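Step one of this worksheet: look at the structure below.
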Amino acid sequence: MALEMRLPVEEYLENFDFKSFLRSVKVRDERLILDQIRYFTVKEAVERDRIVESYFGSEKISEIVDILVNKFKFSPIKHGKIRTLDLGSGTGFFTVRVAEKLRKLAPDLEVYAMDATPSMLKVLVNKYKNVTPIIGVAEDVRGSLNFSSGFMDLPSEFEFIFSILTLHHCLNVANVFRSVNEVLGSNGLFVVADLCKHEFEEFKLEMGDVHLGFNPEEIREIAKETFSEVKIEIEPGIKCECSGRGAEIFFASMIK
């Protein structure tokens with residue numbers, strides 16, 4: 001289910017006032033965010049789905065989706081009306097796939113997709129109308145929601161938040177975790193899927209990466225400062241492959 005917008009979604013995405021938005025949210029480096037928006041607008045927005053498909057292949061993509069859905073299935077979340085947010089959704093490549101499976105478990109599911117790049121969200125809404133797009137930043141989810149609440153009715157918290165291949169684009173991981181915790185409901189679940197540490201320095205230029213992946217144990221220690229329960233797993237056989245370079249994927253499950 002997608003919420004009614006107070007103005008056409010195309011107008012919201014096309015005429016979003018980024019200067020006012022960035023003044024209203026807590027971010028450490030506005031230039032980094034604007035550079036990333038330019039990068040993904042120019043280099044990846046239209047081609048993003050094809051690029052993600054090439055990273056993993058359809059079989060591994062299905063495995064990633066199933067892992068996320070299973071983490072939701074066996075979490076403390078009480079099924080019923082569930083609000084879920086894909087943080088750093090891009091074009092909704094994973095948003096749509098996860099939502100379709102989650103709806104079999106929670107028919108009243110509300111699905112939201114937050115990304116800083118309007119051109120990515122335009123691709124999402126053009127192919128899938130049953131998601132509410134939100135322009136926002138991972139370091140201040142609450143502030144992002146507050147700013148866009150002038151355009152649409154938005155929830156103040158979510159039962160399930162997931163983020164796939166977004167964390168390595170974020171400057172400060174601890175700030176992202178604190179930001180997410182602010183908008184998670186009681187016993188809410190946050191699941192991150194991202195790259196393990198690698199040595200491909202060129203990814204910063206080629207893919208707009210900020211971090212060269214993460215040591216999963218470092219992620220565990222950072223997450224433990226914010227969440228009551230943290231579980232980290234590396235799924236054998238799932239790697240992000242690009243031009244002969246590959247990095248393993250870890251999954252971090254965090255409960256408020």
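FYI, nothing fancy with the structure tokens labels: chains A, B, ... in order, residues from 1 per chain, ligands from 1 as they appear.
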Q | strand (DSSP E or B) positions in range 56-126 of chain A, given as JSON, numbers by chain | A | {"A": [83, 84, 85, 86, 87, 110, 111, 112, 113, 114, 115]}
Deliver the residues from the most recent selection as a file, using C-alpha atoms, as a PDB file, in the first residue's frame.
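selection.pdb was written with the following content:
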```pdb
ATOM      1  CA  ARG A  83       5.703  -0.410   7.934  1.00  0.00           C
ATOM      2  CA  THR A  84       8.967  -1.153   6.173  1.00  0.00           C
ATOM      3  CA  LEU A  85      11.623   1.191   4.830  1.00  0.00           C
ATOM      4  CA  ASP A  86      14.344   0.471   2.291  1.00  0.00           C
ATOM      5  CA  LEU A  87      17.125   2.882   3.250  1.00  0.00           C
ATOM      6  CA  GLU A 110       3.282  -0.374   3.890  1.00  0.00           C
ATOM      7  CA  VAL A 111       6.457   0.053   1.845  1.00  0.00           C
ATOM      8  CA  TYR A 112       8.639   3.156   1.772  1.00  0.00           C
ATOM      9  CA  ALA A 113      11.834   3.768  -0.189  1.00  0.00           C
ATOM     10  CA  MET A 114      14.309   6.462   0.896  1.00  0.00           C
ATOM     11  CA  ASP A 115      17.148   7.667  -1.284  1.00  0.00           C
TER      12      ASP A 115
END
```
Residues flagged helix (DSSP H, G or I) by DSSP in range 84-224 of chain A, as an NGL selection string: :A and (93-105 or 118-127 or 138-148 or 167-169 or 173-182 or 203-206 or 216-224)
Exercise for the section: Would you mind listing what lies within 9 Å of Phe16 in chain A as a ChimeraX atom specification, with only C-alpha atoms counted and same-chain residues fewer than 4 positions away left out? Expected result: /A:11-12,21,118,135
>> Just want the 8 Å neighbourhood of Phe214 in chain A, counted on only C-alpha atoms, with same-chain residues fewer than 3 positions away dropped. Output as a PyMOL selection string.
In response: chain A and resi 168+194-198+211+218-219
Generate the output file for the selected residues, N, CA and C atoms, as a PDB file, in the first residue's frame.
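This went into result_21.pdb:
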```
ATOM      1  N   HIS A 168      28.296   1.468   2.556  1.00  0.00           N
ATOM      2  CA  HIS A 168      29.644   1.856   2.135  1.00  0.00           C
ATOM      3  C   HIS A 168      29.664   3.193   1.387  1.00  0.00           C
ATOM      4  N   ASP A 194      25.964  -5.623   3.141  1.00  0.00           N
ATOM      5  CA  ASP A 194      26.979  -4.770   2.525  1.00  0.00           C
ATOM      6  C   ASP A 194      28.266  -5.542   2.295  1.00  0.00           C
ATOM      7  N   LEU A 195      29.261  -4.863   1.740  1.00  0.00           N
ATOM      8  CA  LEU A 195      30.506  -5.492   1.337  1.00  0.00           C
ATOM      9  C   LEU A 195      31.447  -5.715   2.514  1.00  0.00           C
ATOM     10  N   CYS A 196      32.078  -6.870   2.541  1.00  0.00           N
ATOM     11  CA  CYS A 196      33.191  -7.079   3.463  1.00  0.00           C
ATOM     12  C   CYS A 196      34.395  -6.278   2.960  1.00  0.00           C
ATOM     13  N   LYS A 197      35.341  -6.086   3.847  1.00  0.00           N
ATOM     14  CA  LYS A 197      36.541  -5.305   3.538  1.00  0.00           C
ATOM     15  C   LYS A 197      37.233  -5.848   2.290  1.00  0.00           C
ATOM     16  N   HIS A 198      37.636  -4.925   1.397  1.00  0.00           N
ATOM     17  CA  HIS A 198      38.364  -5.306   0.187  1.00  0.00           C
ATOM     18  C   HIS A 198      39.433  -4.250  -0.093  1.00  0.00           C
ATOM     19  N   HIS A 211      33.650   3.903   1.583  1.00  0.00           N
ATOM     20  CA  HIS A 211      34.403   2.887   2.317  1.00  0.00           C
ATOM     21  C   HIS A 211      34.719   1.712   1.394  1.00  0.00           C
ATOM     22  N   GLU A 218      33.959  -5.077  13.165  1.00  0.00           N
ATOM     23  CA  GLU A 218      33.893  -3.648  13.452  1.00  0.00           C
ATOM     24  C   GLU A 218      32.455  -3.158  13.398  1.00  0.00           C
ATOM     25  N   ILE A 219      31.696  -3.661  12.438  1.00  0.00           N
ATOM     26  CA  ILE A 219      30.282  -3.302  12.350  1.00  0.00           C
ATOM     27  C   ILE A 219      29.546  -3.777  13.598  1.00  0.00           C
TER      28      ILE A 219
END
```
Considering only C-alpha atoms, state which residue in the set A:Thr95, A:Ser75, A:Ser119, A:Ser144 is at the smallest distance from Val25 in chain A.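 That would be A:Ser144, the residue with the smallest distance to Val25 in chain A.
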Between CA of Glu235 in chain A and CA of Val191 in chain A lies a distance of 13.9 Å
Expressed in Å, the length from CA of Gly92 in chain A to CA of Pro76 in chain A is 25.7 Å
Checklist line | d(CA of Glu159 in chain A, CA of Leu102 in chain A) in Å | finding: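 Computing it gives 12.4 Å between the two atoms.
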Val52 in chain A proximity check over A:Asn215, A:Thr91, A:Asn146, A:Asn130, using only C-alpha atoms: winner is A:Thr91
